[in-house]
file target_39.txt (compact mmCIF, C-alpha atoms)
# COMPACT_ATOMS: atom_id res chain seq x y z
CA MET N 1 20.41 -5.88 92.19
CA LEU N 2 17.23 -7.62 91.06
CA LEU N 3 15.76 -4.26 90.19
CA LEU N 4 18.82 -3.43 88.10
CA ILE N 5 18.71 -6.81 86.32
CA GLY N 6 14.95 -6.43 85.75
CA THR N 7 15.42 -2.92 84.35
CA MET N 8 18.20 -4.08 82.03
CA TRP N 9 16.09 -7.02 80.85
CA LEU N 10 13.15 -4.64 80.18
CA ILE N 11 15.38 -2.17 78.31
CA ASN N 12 16.86 -5.01 76.29
CA ARG N 13 13.38 -6.36 75.45
CA LEU N 14 12.14 -2.88 74.42
CA ALA N 15 15.24 -2.37 72.25
CA ARG N 16 14.62 -5.72 70.55
CA ARG N 17 10.97 -4.82 69.92
CA ARG N 18 11.97 -1.46 68.43
CA ALA N 19 14.57 -3.14 66.23
CA GLU N 20 12.01 -5.74 65.10
CA LEU N 21 9.48 -2.99 64.43
CA ARG N 22 12.01 -0.97 62.43
CA HIS N 23 13.02 -4.11 60.54
CA ARG N 24 9.36 -4.93 59.74
CA LYS N 25 8.69 -1.35 58.59
CA LEU N 26 11.79 -1.41 56.42
CA GLN N 27 10.77 -4.76 54.97
CA GLU N 28 7.21 -3.51 54.27
CA ARG N 29 8.58 -0.39 52.59
CA GLN N 30 10.89 -2.50 50.43
CA GLU N 31 8.00 -4.81 49.50
CA ARG N 32 5.84 -1.79 48.59
CA GLU N 33 8.66 -0.42 46.43
CA ILE N 34 9.06 -3.80 44.72
CA ILE N 35 5.31 -3.98 44.08
CA GLU N 36 5.33 -0.41 42.72
CA LEU N 37 8.24 -1.26 40.41
CA GLU N 38 6.49 -4.41 39.21
CA ASN N 39 3.26 -2.47 38.62
CA ARG N 40 5.16 0.21 36.71
CA LYS N 41 6.88 -2.48 34.65
CA LEU N 42 3.54 -4.16 33.88
CA SER N 43 1.99 -0.82 33.01
CA ASP N 44 4.85 -0.05 30.64
CA GLU N 45 4.54 -3.50 29.11
CA ILE N 46 0.79 -3.04 28.59
CA SER N 47 1.42 0.36 27.05
CA PHE N 48 4.01 -1.14 24.71
CA LYS N 49 1.71 -4.02 23.75
CA SER N 50 -1.13 -1.59 23.18
CA LYS N 51 1.04 0.49 20.85
CA GLU N 52 2.20 -2.67 19.11
CA LEU N 53 -1.42 -3.77 18.67
CA ALA N 54 -2.43 -0.38 17.27
CA SER N 55 0.54 -0.54 14.90
CA SER N 56 -0.51 -4.03 13.84
CA ALA N 57 -4.06 -2.84 13.23
CA MET N 58 -2.82 0.08 11.14
CA HIS N 59 -0.58 -2.30 9.18
CA LEU N 60 -3.61 -4.49 8.45
CA ILE N 61 -5.56 -1.43 7.33
CA ARG N 62 -2.80 -0.27 4.99
CA ARG N 63 -2.37 -3.77 3.61
CA SER N 64 -6.09 -4.09 3.00
CA GLU N 65 -6.17 -0.68 1.32
CA MET N 66 -3.26 -1.64 -0.92
CA LEU N 67 -4.83 -4.97 -1.89
CA GLN N 68 -8.14 -3.22 -2.56
CA ALA N 69 -6.36 -0.67 -4.79
CA ILE N 70 -4.59 -3.48 -6.68
CA ARG N 71 -7.92 -5.26 -7.11
CA GLU N 72 -9.59 -2.12 -8.47
CA GLU N 73 -6.70 -1.49 -10.87
CA LEU N 74 -6.87 -5.10 -12.06
CA VAL N 75 -10.60 -4.73 -12.75
CA ARG N 76 -9.96 -1.47 -14.65
CA GLN N 77 -7.27 -3.12 -16.75
CA LYS N 78 -9.54 -6.07 -17.52
CA GLU N 79 -12.27 -3.67 -18.65
CA ALA N 80 -9.77 -1.78 -20.82
CA LEU N 81 -8.18 -4.90 -22.33
CA GLY N 82 -11.37 -6.91 -22.66
CA THR N 83 -10.77 -10.29 -24.30
CA GLN N 84 -7.05 -9.62 -24.72
CA TYR N 85 -6.65 -10.45 -21.03
CA PRO N 86 -7.85 -14.06 -20.50
CA ASN N 87 -10.54 -14.60 -17.85
CA LYS N 88 -8.60 -17.58 -16.49
CA TYR N 89 -5.70 -15.36 -15.34
CA PHE N 90 -7.94 -12.50 -14.30
CA ASN N 91 -10.09 -14.73 -12.08
CA ARG N 92 -7.00 -16.40 -10.58
CA LEU N 93 -5.53 -13.01 -9.60
CA LEU N 94 -8.86 -11.81 -8.20
CA ALA N 95 -9.20 -14.96 -6.10
CA LEU N 96 -5.65 -14.54 -4.79
CA ILE N 97 -6.27 -10.91 -3.83
CA ASP N 98 -9.64 -11.69 -2.26
CA SER N 99 -8.20 -14.55 -0.19
CA ASN N 100 -5.49 -12.25 1.16
CA LEU N 101 -7.95 -9.47 1.91
CA SER N 102 -9.59 -11.62 4.54
CA SER N 103 -6.66 -13.51 6.04
CA GLU N 104 -7.84 -15.43 9.11
CA HIS N 105 -4.32 -16.14 10.39
CA GLU N 106 -3.62 -12.44 10.89
CA TRP N 107 -6.94 -12.07 12.68
CA ASP N 108 -6.07 -14.96 15.00
CA VAL N 109 -2.77 -13.31 15.94
CA PHE N 110 -4.52 -9.97 16.33
CA GLN N 111 -7.21 -11.53 18.53
CA THR N 112 -4.67 -13.28 20.75
CA ASN N 113 -2.66 -10.10 21.31
CA PHE N 114 -5.83 -8.05 21.77
CA ASP N 115 -7.12 -10.50 24.38
CA LEU N 116 -3.82 -10.34 26.29
CA ILE N 117 -3.82 -6.55 26.38
CA HIS N 118 -7.51 -6.07 27.07
CA LYS N 119 -7.87 -8.78 29.71
CA ASN N 120 -9.98 -11.47 28.02
CA PHE N 121 -12.15 -8.99 26.14
CA PHE N 122 -13.41 -11.60 23.66
CA ARG N 123 -14.12 -14.22 26.32
CA ASN N 124 -16.04 -11.75 28.48
CA LEU N 125 -17.98 -10.38 25.50
CA ARG N 126 -18.87 -13.90 24.31
CA PHE N 127 -19.91 -14.89 27.84
CA ARG N 128 -22.22 -11.90 28.37
CA TYR N 129 -23.54 -11.78 24.79
CA PRO N 130 -23.39 -15.32 23.33
CA GLU N 131 -25.44 -14.32 20.28
CA LEU N 132 -22.52 -12.28 18.87
CA SER N 133 -20.91 -13.92 15.84
CA ALA N 134 -17.18 -14.10 15.10
CA GLY N 135 -17.54 -11.17 12.67
CA ASP N 136 -19.35 -9.18 15.35
CA LEU N 137 -16.50 -9.82 17.78
CA LYS N 138 -13.95 -8.61 15.21
CA LEU N 139 -15.93 -5.44 14.70
CA CYS N 140 -16.21 -4.94 18.46
CA ALA N 141 -12.43 -5.20 18.81
CA LEU N 142 -11.86 -2.62 16.09
CA LEU N 143 -14.45 -0.32 17.67
CA ARG N 144 -12.70 -0.70 21.02
CA LEU N 145 -9.50 0.50 19.31
CA ASN N 146 -11.57 3.56 18.36
CA LEU N 147 -11.03 3.12 14.61
CA ASP N 148 -13.38 5.03 12.35
CA THR N 149 -15.91 3.37 10.06
CA LYS N 150 -13.83 3.77 6.89
CA GLU N 151 -10.75 2.16 8.47
CA ILE N 152 -12.89 -0.72 9.74
CA ALA N 153 -14.46 -1.13 6.30
CA ASP N 154 -11.00 -1.36 4.70
CA MET N 155 -9.76 -3.82 7.30
CA MET N 156 -12.76 -6.11 7.10
CA ASN N 157 -13.16 -5.80 3.32
CA LEU N 158 -16.65 -4.31 3.70
CA THR N 159 -18.39 -1.19 2.51
CA VAL N 160 -18.96 1.69 4.89
CA ARG N 161 -22.68 0.92 4.70
CA GLY N 162 -21.94 -2.72 5.60
CA VAL N 163 -20.02 -1.65 8.70
CA GLU N 164 -22.86 0.64 9.75
CA ALA N 165 -25.36 -2.20 9.32
CA ARG N 166 -23.21 -4.50 11.45
CA ARG N 167 -22.89 -1.82 14.12
CA TYR N 168 -26.67 -1.56 14.19
CA ARG N 169 -27.08 -5.35 14.56
CA ILE N 170 -24.48 -5.47 17.35
CA ARG N 171 -26.26 -2.62 19.12
CA GLN N 172 -29.49 -4.65 18.97
CA LYS N 173 -27.81 -7.87 20.19
CA ILE N 174 -26.21 -6.05 23.12
CA GLY N 175 -29.38 -4.12 23.90
CA LEU N 176 -28.04 -0.57 23.55
CA SER N 177 -30.39 2.28 22.77
CA SER N 178 -29.72 4.54 19.80
CA GLN N 179 -28.60 7.32 22.17
CA ASP N 180 -25.82 5.18 23.68
CA SER N 181 -22.46 5.05 21.92
CA LEU N 182 -21.44 1.54 20.95
CA THR N 183 -17.78 2.58 20.81
CA ALA N 184 -17.90 4.11 24.30
CA PHE N 185 -19.66 1.00 25.61
CA LEU N 186 -16.96 -1.29 24.15
CA ILE N 187 -14.09 0.89 25.37
CA ASP N 188 -15.50 0.75 28.92
CA PHE N 189 -16.47 -2.93 28.70
CA GLN N 190 -14.70 -5.18 31.23

call {"tool": "encode", "arguments": {"input": "target_39.txt", "output": "structure tokens"}}
result
Amino acid sequence: MLLLIGTMWLINRLARRRAELRHRKLQERQEREIIELENRKLSDEISFKSKELASSAMHLIRRSEMLQAIREELVRQKEALGTQYPNKYFNRLLALIDSNLSSEHEWDVFQTNFDLIHKNFFRNLRFRYPELSAGDLKLCALLRLNLDTKEIADMMNLTVRGVEARRYRIRQKIGLSSQDSLTAFLIDFQ
């Protein structure tokens, strides 16, 4: 009788252990699935934000190109009209266009979104290379987006030669050799 009770108790205990083990495995599998779903959701969100950021950058480029074209046309018209077009109005329009070509508010929004997507890119870059200026950091962000020199020049209201000079200075501040790609370095930078 004791042997029978002992055997039943042992069988019952083993059954409970198996049930607990199955329950734990099921719970772990469900947790893994939840984590995978959350990771997929975060990955999709990062992808969406990245596309949104690229779209924003392209919008800034197009806007800068348009303002630059308006500025050039205004200068051509002033040259054609000469004194018929008063300098007071001409200079006021030029100042308005120039102030909108380098809008800091848009750069602040861009920088905030860029930092969210690229995991504190600006903070890490400033920490490792404190000699980089604010303009250098902007150029680094655009290079990380893999924009070409002409697009960067339009966005930053610089000449192509000016962008190349800045790239050279950044390369020196970071300590890259001329054989190393600054763009590749910034894309891989963590």

call {"tool": "closest_residue", "arguments": {"input": "target_39.txt", "among": "N:Leu10, N:Leu42, N:Val75, N:Leu26", "to": "Phe90 of chain N", "atoms": "all atoms listed in the file"}}
result
N:Val75

call {"tool": "atom_distance", "arguments": {"input": "target_39.txt", "atom1": "atom CA of Arg167 of chain N", "atom2": "atom CA of Asn100 of chain N"}}
result
24.1 Å

call {"tool": "atom_distance", "arguments": {"input": "target_39.txt", "atom1": "atom CA of Ser64 of chain N", "atom2": "atom CA of Asp108 of chain N"}}
result
16.2 Å

call {"tool": "residues_around", "arguments": {"input": "target_39.txt", "residues": "segment 136-145 of chain N", "least_positions_apart": "4", "cutoff": "10 Å", "atoms": "only C-alpha atoms", "output": "PDB file with C-alpha atoms, in the coordinates of the input"}}
result
ATOM      1  CA  SER N  50      -1.130  -1.590  23.180  1.00  0.00           C
ATOM      2  CA  LEU N  53      -1.420  -3.770  18.670  1.00  0.00           C
ATOM      3  CA  ALA N  54      -2.430  -0.380  17.270  1.00  0.00           C
ATOM      4  CA  ALA N  57      -4.060  -2.840  13.230  1.00  0.00           C
ATOM      5  CA  TRP N 107      -6.940 -12.070  12.680  1.00  0.00           C
ATOM      6  CA  PHE N 110      -4.520  -9.970  16.330  1.00  0.00           C
ATOM      7  CA  GLN N 111      -7.210 -11.530  18.530  1.00  0.00           C
ATOM      8  CA  PHE N 114      -5.830  -8.050  21.770  1.00  0.00           C
ATOM      9  CA  ASP N 115      -7.120 -10.500  24.380  1.00  0.00           C
ATOM     10  CA  HIS N 118      -7.510  -6.070  27.070  1.00  0.00           C
ATOM     11  CA  PHE N 121     -12.150  -8.990  26.140  1.00  0.00           C
ATOM     12  CA  PHE N 122     -13.410 -11.600  23.660  1.00  0.00           C
ATOM     13  CA  ARG N 123     -14.120 -14.220  26.320  1.00  0.00           C
ATOM     14  CA  LEU N 125     -17.980 -10.380  25.500  1.00  0.00           C
ATOM     15  CA  ARG N 126     -18.870 -13.900  24.310  1.00  0.00           C
ATOM     16  CA  GLU N 131     -25.440 -14.320  20.280  1.00  0.00           C
ATOM     17  CA  LEU N 132     -22.520 -12.280  18.870  1.00  0.00           C
ATOM     18  CA  THR N 149     -15.910   3.370  10.060  1.00  0.00           C
ATOM     19  CA  GLU N 151     -10.750   2.160   8.470  1.00  0.00           C
ATOM     20  CA  ILE N 152     -12.890  -0.720   9.740  1.00  0.00           C
ATOM     21  CA  ALA N 153     -14.460  -1.130   6.300  1.00  0.00           C
ATOM     22  CA  MET N 155      -9.760  -3.820   7.300  1.00  0.00           C
ATOM     23  CA  MET N 156     -12.760  -6.110   7.100  1.00  0.00           C
ATOM     24  CA  VAL N 163     -20.020  -1.650   8.700  1.00  0.00           C
ATOM     25  CA  ARG N 166     -23.210  -4.500  11.450  1.00  0.00           C
ATOM     26  CA  ARG N 167     -22.890  -1.820  14.120  1.00  0.00           C
ATOM     27  CA  ARG N 169     -27.080  -5.350  14.560  1.00  0.00           C
ATOM     28  CA  ILE N 170     -24.480  -5.470  17.350  1.00  0.00           C
ATOM     29  CA  LYS N 173     -27.810  -7.870  20.190  1.00  0.00           C
ATOM     30  CA  LEU N 182     -21.440   1.540  20.950  1.00  0.00           C
ATOM     31  CA  THR N 183     -17.780   2.580  20.810  1.00  0.00           C
ATOM     32  CA  ALA N 184     -17.900   4.110  24.300  1.00  0.00           C
ATOM     33  CA  PHE N 185     -19.660   1.000  25.610  1.00  0.00           C
ATOM     34  CA  LEU N 186     -16.960  -1.290  24.150  1.00  0.00           C
ATOM     35  CA  ILE N 187     -14.090   0.890  25.370  1.00  0.00           C
ATOM     36  CA  ASP N 188     -15.500   0.750  28.920  1.00  0.00           C
ATOM     37  CA  PHE N 189     -16.470  -2.930  28.700  1.00  0.00           C
TER      38      PHE N 189
END

call {"tool": "atom_distance", "arguments": {"input": "target_39.txt", "atom1": "atom CA of Lys150 of chain N", "atom2": "atom CA of Arg171 of chain N"}}
result
18.6 Å

call {"tool": "residues_around", "arguments": {"input": "target_39.txt", "residues": "segment 93-96 of chain N", "least_positions_apart": "5", "cutoff": "9 Å", "atoms": "all atoms listed in the file", "output": "compact mmCIF listing (two decimals) with C-alpha atoms, keeping the file's coordinate frame"}}
result
# COMPACT_ATOMS: atom_id res chain seq x y z
CA ARG N 71 -7.92 -5.26 -7.11
CA LEU N 74 -6.87 -5.10 -12.06
CA VAL N 75 -10.60 -4.73 -12.75
CA LYS N 88 -8.60 -17.58 -16.49
CA LEU N 101 -7.95 -9.47 1.91

call {"tool": "residues_near_point", "arguments": {"input": "target_39.txt", "point": "(2.3, -3.8, 24.0)", "cutoff": "10 Å", "atoms": "all atoms listed in the file", "output": "ChimeraX atom specification"}}
result
/N:42-55,113-114,116-117

call {"tool": "closest_residue", "arguments": {"input": "target_39.txt", "among": "N:Asn12, N:Asn146, N:Asn124, N:Gln27", "to": "Met58 of chain N", "atoms": "all atoms listed in the file"}}
result
N:Asn146

call {"tool": "residues_around", "arguments": {"input": "target_39.txt", "residues": "Met66 of chain N", "least_positions_apart": "6", "cutoff": "12 Å", "atoms": "all atoms listed in the file", "output": "ChimeraX atom specification"}}
result
/N:59-60,72-73,97-98,100-101,154-155,157

call {"tool": "closest_residue", "arguments": {"input": "target_39.txt", "among": "N:Phe127, N:Lys25, N:Ala15, N:Ser99", "to": "Gln68 of chain N", "atoms": "only C-alpha atoms"}}
result
N:Ser99
